[in-house]
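Coordinates from coords38.cif are shown below (mmCIF, C-alpha atoms).
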data_upload
#
loop_
_atom_site.label_atom_id
_atom_site.label_comp_id
_atom_site.auth_asym_id
_atom_site.auth_seq_id
_atom_site.Cartn_x
_atom_site.Cartn_y
_atom_site.Cartn_z
CA MET A 377 127.87 146.31 85.17
CA THR A 378 126.09 148.98 87.21
CA GLU A 379 124.38 152.27 86.43
CA THR A 380 122.85 153.59 89.65
CA LYS A 381 123.99 154.13 93.18
CA GLU A 382 121.92 151.11 94.24
CA ARG A 383 124.38 149.05 92.19
CA VAL A 384 121.92 147.82 89.62
CA SER A 385 122.62 144.38 88.20
CA PRO A 386 122.12 143.93 84.48
CA ALA A 387 119.89 140.98 85.27
CA LEU A 388 117.26 143.01 87.15
CA ASP A 389 115.09 146.07 86.83
CA LYS A 390 116.79 149.27 87.98
CA ASP A 391 114.18 150.29 90.55
CA GLU A 392 113.89 146.90 92.19
CA ILE A 393 117.45 145.89 92.65
CA ALA A 394 120.11 145.16 95.09
CA TRP A 395 121.84 142.15 96.20
CA PHE A 396 122.87 141.33 99.68
CA ALA A 397 121.18 140.40 102.91
CA PRO A 398 123.59 139.79 105.81
CA LEU A 399 124.79 136.24 105.79
CA GLU A 400 125.70 135.75 109.41
CA ASP A 401 124.34 136.96 112.72
CA GLU A 402 127.43 137.96 114.70
CA ALA A 403 125.52 137.50 117.97
CA ALA A 404 124.27 134.03 117.08
CA PRO A 405 126.12 130.97 118.35
CA ARG A 406 128.27 129.33 115.72
CA ARG A 407 127.09 125.91 114.59
CA ALA A 408 129.21 123.53 112.60
CA ALA A 409 128.11 123.11 108.99
CA PRO A 410 127.72 119.62 107.57
CA LEU A 411 130.71 118.31 105.65
CA MET A 412 128.65 118.39 102.47
CA VAL A 413 125.91 120.99 101.98
CA PRO A 414 123.56 119.99 99.14
CA ILE A 415 123.33 123.05 96.87
CA ARG A 416 121.16 122.56 93.83
CA SER A 417 120.46 124.58 90.74
CA LEU A 418 116.92 126.00 90.78
CA GLY A 419 114.58 126.21 87.81
CA ALA A 420 111.41 128.16 87.09
CA ASN A 421 109.38 125.60 89.04
CA HIS A 422 111.07 126.91 92.19
CA ARG A 423 110.02 130.53 91.58
CA GLU A 424 107.27 130.44 94.22
CA ARG A 425 109.64 129.10 96.88
CA ILE A 426 112.19 131.76 95.93
CA ALA A 427 109.54 134.44 96.46
CA HIS A 428 108.61 132.91 99.84
CA HIS A 429 112.28 132.89 100.86
CA LEU A 430 112.76 136.57 100.03
CA LEU A 431 109.45 137.58 101.62
CA ALA A 432 110.61 135.87 104.82
CA LEU A 433 113.60 138.21 105.10
CA GLU A 434 113.30 140.69 107.95
CA PRO A 435 113.03 144.43 107.14
CA HIS A 436 116.71 145.22 107.68
CA ASP A 437 117.71 142.17 105.65
CA ARG A 438 115.48 143.35 102.80
CA TYR A 439 117.17 146.73 102.92
CA LEU A 440 120.63 145.21 102.73
CA ARG A 441 119.69 142.89 99.90
CA PHE A 442 117.66 145.29 97.76
CA GLY A 443 119.31 148.58 98.71
CA PHE A 444 115.99 150.03 99.86
CA ALA A 445 113.08 149.03 102.09
CA ALA A 446 111.58 146.63 99.56
CA ASN A 447 107.91 145.88 100.08
CA ASP A 448 106.18 142.60 99.27
CA ALA A 449 105.07 143.71 95.81
CA GLN A 450 108.60 144.73 94.82
CA ILE A 451 110.02 141.43 96.03
CA GLU A 452 107.39 139.50 94.10
CA ARG A 453 108.22 141.46 90.94
CA TYR A 454 111.89 140.61 91.45
CA ALA A 455 111.07 136.91 91.77
CA ASP A 456 108.86 137.08 88.68
CA SER A 457 111.68 138.77 86.71
CA LEU A 458 114.26 136.04 87.31
CA ASN A 459 115.56 134.71 84.01
CA PHE A 460 116.32 131.03 84.52
CA GLU A 461 117.43 130.58 80.93
CA ARG A 462 120.18 133.20 81.14
CA ASP A 463 121.14 133.25 84.83
CA GLU A 464 121.85 130.57 87.40
CA ILE A 465 120.01 130.34 90.71
CA PHE A 466 121.30 128.10 93.51
CA GLY A 467 119.49 127.08 96.65
CA ILE A 468 119.78 125.19 99.93
CA TYR A 469 116.66 123.46 101.23
CA ASN A 470 116.05 122.13 104.71
CA ARG A 471 114.23 118.87 105.37
CA ARG A 472 110.87 120.67 105.39
CA LEU A 473 111.59 121.87 101.83
CA GLN A 474 111.96 125.44 102.99
CA LEU A 475 114.44 127.41 100.90
CA ILE A 476 116.73 128.72 103.64
CA ALA A 477 119.48 130.17 101.45
CA MET A 478 119.75 131.16 97.79
CA ALA A 479 122.20 132.78 95.42
CA HIS A 480 121.76 134.51 92.07
CA LEU A 481 124.54 134.41 89.52
CA ALA A 482 123.55 137.00 86.91
CA PHE A 483 125.07 137.14 83.45
CA ASP A 484 125.08 140.24 81.27
CA PRO A 485 122.02 140.38 78.97
CA ASP A 486 124.43 141.05 76.09
CA SER A 487 125.30 137.55 74.89
CA ARG A 488 128.67 138.87 73.68
CA LEU A 489 129.73 139.71 77.23
CA ARG A 490 129.79 136.26 78.81
CA ASP A 491 133.16 136.76 80.46
CA CYS A 492 131.73 138.32 83.63
CA ALA A 493 128.89 137.66 86.06
CA GLU A 494 127.45 139.21 89.20
CA PHE A 495 126.72 137.36 92.42
CA GLY A 496 124.04 137.98 95.04
CA VAL A 497 122.93 135.93 98.03
CA SER A 498 120.55 135.82 100.98
CA VAL A 499 120.27 133.52 104.00
CA LEU A 500 117.34 133.36 106.40
CA LYS A 501 118.18 134.53 109.90
CA ALA A 502 117.51 131.12 111.49
CA ALA A 503 120.01 129.49 109.13
CA ARG A 504 122.96 131.84 109.65
CA GLY A 505 126.18 130.93 111.39
CA ARG A 506 126.57 127.73 109.35
CA GLY A 507 128.68 129.03 106.49
CA TYR A 508 125.93 128.76 103.88
CA GLY A 509 126.79 132.13 102.33
CA GLY A 510 130.37 131.05 101.72
CA ARG A 511 129.27 127.67 100.38
CA LEU A 512 126.93 129.34 97.89
CA PHE A 513 129.69 131.72 96.86
CA ASP A 514 132.06 128.82 96.16
CA ARG A 515 129.36 126.94 94.23
CA ALA A 516 128.57 129.96 92.07
CA ALA A 517 132.25 130.66 91.42
CA MET A 518 132.80 127.08 90.27
CA HIS A 519 129.83 127.29 87.91
CA ALA A 520 131.02 130.63 86.56
CA ARG A 521 134.47 129.14 85.85
CA ASN A 522 132.91 126.24 84.01
CA GLU A 523 130.82 128.66 81.93
CA GLY A 524 133.94 130.48 80.76
CA VAL A 525 133.53 133.48 83.08
CA ASN A 526 136.82 135.04 84.19
CA ARG A 527 135.50 137.80 86.47
CA MET A 528 132.82 137.67 89.14
CA PHE A 529 131.51 140.95 90.52
CA ILE A 530 129.94 141.54 93.90
CA HIS A 531 128.11 144.73 94.80
CA ALA A 532 127.13 145.23 98.44
CA LEU A 533 126.46 147.91 100.97
CA SER A 534 129.66 148.72 102.84
CA GLU A 535 127.95 147.84 106.12
CA ASN A 536 127.51 144.26 104.94
CA THR A 537 130.87 143.30 106.37
CA THR A 538 130.18 139.57 106.37
CA MET A 539 129.63 139.42 102.61
CA LEU A 540 132.70 141.52 101.98
CA LYS A 541 134.68 139.23 104.27
CA ILE A 542 133.61 136.23 102.21
CA ALA A 543 134.69 138.03 99.03
CA ARG A 544 138.09 138.94 100.49
CA LYS A 545 138.60 135.41 101.75
CA ALA A 546 138.06 134.15 98.21
CA GLY A 547 140.76 136.53 96.98
CA ALA A 548 138.55 139.31 95.62
CA ALA A 549 139.77 142.89 95.49
CA VAL A 550 137.28 145.11 97.34
CA GLU A 551 136.87 148.83 96.70
CA ARG A 552 134.71 151.03 98.89
CA ASP A 553 132.81 154.03 97.55
CA GLY A 554 131.00 155.56 100.51
CA SER A 555 127.98 153.46 101.45
CA ASP A 556 128.63 151.01 98.62
CA SER A 557 131.43 148.52 98.00
CA GLU A 558 132.42 146.53 94.95
CA ALA A 559 134.43 143.34 94.86
CA GLN A 560 135.95 141.75 91.79
CA LEU A 561 137.19 138.18 91.79
CA LEU A 562 139.35 136.87 88.96
CA LEU A 563 138.50 133.24 88.20
CA LEU A 564 140.78 130.51 86.97
CA PRO A 565 139.94 128.72 83.72
CA ALA A 566 137.78 125.62 83.93
CA THR A 567 139.48 122.26 84.34
CA LEU A 568 138.32 118.68 84.02
CA ASP A 569 138.31 118.51 87.82
CA SER A 570 136.11 121.62 88.21
CA ARG A 571 133.64 120.31 85.63
CA LEU A 572 133.42 116.86 87.19
CA THR A 573 133.14 118.33 90.69
CA GLU A 574 130.21 120.52 89.67
CA LEU A 575 128.50 117.60 87.94
CA VAL A 576 128.87 115.33 90.98
CA GLU A 577 127.75 118.01 93.45
CA GLU A 578 124.68 118.83 91.36
CA GLN A 579 123.70 115.17 91.08
CA LEU A 580 124.10 114.67 94.84
CA ALA A 581 122.03 117.79 95.53
CA GLN A 582 119.28 116.65 93.14
CA THR A 583 119.19 113.26 94.83
CA ASP A 584 119.08 114.87 98.27
CA TYR A 585 116.16 117.05 97.16
CA ARG A 586 114.19 114.09 95.77
CA ILE A 587 114.67 112.21 99.03
CA LYS A 588 113.46 115.23 101.02
CA VAL A 589 110.37 115.45 98.78
CA GLN A 590 109.58 111.77 99.32
CA VAL A 591 110.09 112.02 103.08
CA LYS A 592 107.88 115.10 103.28
CA HIS A 593 105.12 113.37 101.30
CA PHE A 594 105.32 110.38 103.64
CA ARG A 595 105.18 112.58 106.73
CA ASP A 596 102.28 114.59 105.35
CA ALA A 597 100.36 111.39 104.53
CA LEU A 598 101.10 109.94 107.97
CA SER A 599 100.02 113.16 109.67
CA SER A 600 96.80 113.20 107.66
CA MET A 601 96.07 109.57 108.57
CA VAL A 602 96.68 110.23 112.29
CA SER A 603 94.44 113.29 112.19
CA SER A 604 91.68 111.30 110.49
CA ARG A 605 91.85 108.57 113.12
CA LYS A 606 91.68 111.12 115.92
CA ALA A 607 88.73 112.81 114.29
CA ALA A 608 86.73 109.58 113.80
CA PRO A 609 85.81 109.01 117.51
CA ASP A 610 84.78 112.64 117.84
CA ALA A 611 82.55 112.30 114.79
CA ARG A 612 80.92 109.13 116.21
CA ARG A 613 80.32 110.79 119.56
CA SER A 614 78.76 113.79 117.86
CA ALA A 615 76.53 111.54 115.80
CA GLY A 616 75.33 109.70 118.94
CA LYS A 617 74.17 112.86 120.68
#

This entry written out as structure tokens:
Amino acid sequence: MTETKERVSPALDKDEIAWFAPLEDEAAPRRAAPLMVPIRSLGANHRERIAHHLLALEPHDRYLRFGFAANDAQIERYADSLNFERDEIFGIYNRRLQLIAMAHLAFDPDSRLRDCAEFGVSVLKAARGRGYGGRLFDRAAMHARNEGVNRMFIHALSENTTMLKIARKAGAAVERDGSDSEAQLLLLPATLDSRLTELVEEQLAQTDYRIKVQVKHFRDALSSMVSSRKAAPDARRSAGK
């Protein structure tokens, strides 16, 4: 699955790659996650928001995710290179339609090797401490199972202890090789329950997203109307001078 010490994923260009930003801030207060976190599959129409999410990562987070101090141009090339037909991208949006967490489940470009996939994730600093990284991991693992994948690989810097902890908790075997670590999780075959669960969760997430879009449009329209009303008296006073 990998060819360079940066742990290059087959889904990405070799000089732009890496996977993990830290998922939790150990110093941040722990906040309880909602019982159900809407995680939806993202398509090409979300590419711009994906780029904005990654560009919002702080310098150290970029280093941990990409394996080097990725600049804006490199991050934008990564976002532009995402293959939504082959891979699966998952995201968590807040009520302002900001993509606060996302995961990339990358399949091997060789269509004959569909029995394994690689997982990568990032969570914005303000959204950590809520278990979103683990939720995205579980969502990706369920999708991989349902796609017939029996092994999920995770490549991370050894200092990214939170991601490795999530992998171990899921039952993955983790091997450390200096500054890099690799985890391999064996997945169970798909079942009727896993397929129905994914279908229901995706439908709920899609519905949640549509509601958030409608609410945001209403708030934007209301804000615009209020601003117009406030501006009208000022305009009349200016005209009377």

Report task. Run the PyMOL selection byres ((chain A and resi 512) around 8) mentally over the shown coordinates, then write out the matched residues as a ChimeraX atom specification, using the chain letters and numbers from the document. Result -> /A:415,466-467,478-479,497,508-511,513-516

Report task. Kindly resolve the PyMOL selection byres ((chain A and resi 548) around 12) on the present coordinates and return the residues as an MDAnalysis selection string. Result -> chainID A and resid 513 517 527:531 539:547 549:551 557:563

Query raised in the report: Hey, what's within 9 Å of segment 578-583 of chain A if we count only C-alpha atoms and toss same-chain stuff fewer than 6 positions away? As a ChimeraX atom specification, please?
Result: /A:413-417,468

Query - Straight-line distance linking atom CA of Ile476 of chain A with atom CA of Val499 of chain A, stated in Å to one decimal - result: 6.0 Å

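One distance worth recording is that between atom CA of Glu464 of chain A and atom CA of Asp553 of chain A, which is 27.8 Å.
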
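For the choices A:Asp463, A:Asp456, A:Glu523, A:Asp556, the atom-to-atom distance to Arg425 of chain A is smallest for A:Asp456 when using all atoms listed in the file.
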
Query raised in the report: Just how far from atom CA of Arg472 of chain A is atom CA of Ser600 of chain A, in Å to one decimal?
Result: 16.1 Å

Residues of segment 487-552 of chain A at most 8 Å from segment 439-445 of chain A: nearest atom pair and distance in Å, all atoms listed in the file, as CSV:
residue,atom,partner,partner_atom,distance
A:Val497,CA,A:Arg441,CA,7.9
A:Ser498,CA,A:Arg441,CA,7.2
A:Ala532,CA,A:Leu440,CA,7.8
A:Leu533,CA,A:Leu440,CA,6.7
A:Asn536,CA,A:Leu440,CA,7.3

Report task. Given the file shown, determine the residues that the PyMOL selection byres ((chain A and resi 503) around 9) selects; report them as number ranges by chain. Result -> A: 399-400, 476-477, 499-502, 504-506, 508

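The environment of segment 458-461 of chain A within 10 Å, counting only C-alpha atoms and disregarding residues fewer than 4 places along the same chain, consists of Ala387, Leu388, Ser417, Leu418, Gly419, Ala420, Asn421, Arg423, Ile426, Arg453, Tyr454, Ile465, His480, Ala482, Phe483 and Pro485 of chain A.
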
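Closest to Ile451 of chain A among A:Tyr469, A:Val602, A:Arg571, A:Ala427 is A:Ala427, based on only C-alpha atoms.
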
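With only C-alpha atoms as the atoms that count, the residue of A:Thr537, A:Gln474, A:Pro565, A:Asp584 with the shortest distance to His422 of chain A is A:Gln474.
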
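If you measure from each of A:Asp596, A:Ala455, A:Leu475, A:Ile587 to Ala432 of chain A using only C-alpha atoms, the closest one turns out to be A:Leu475.
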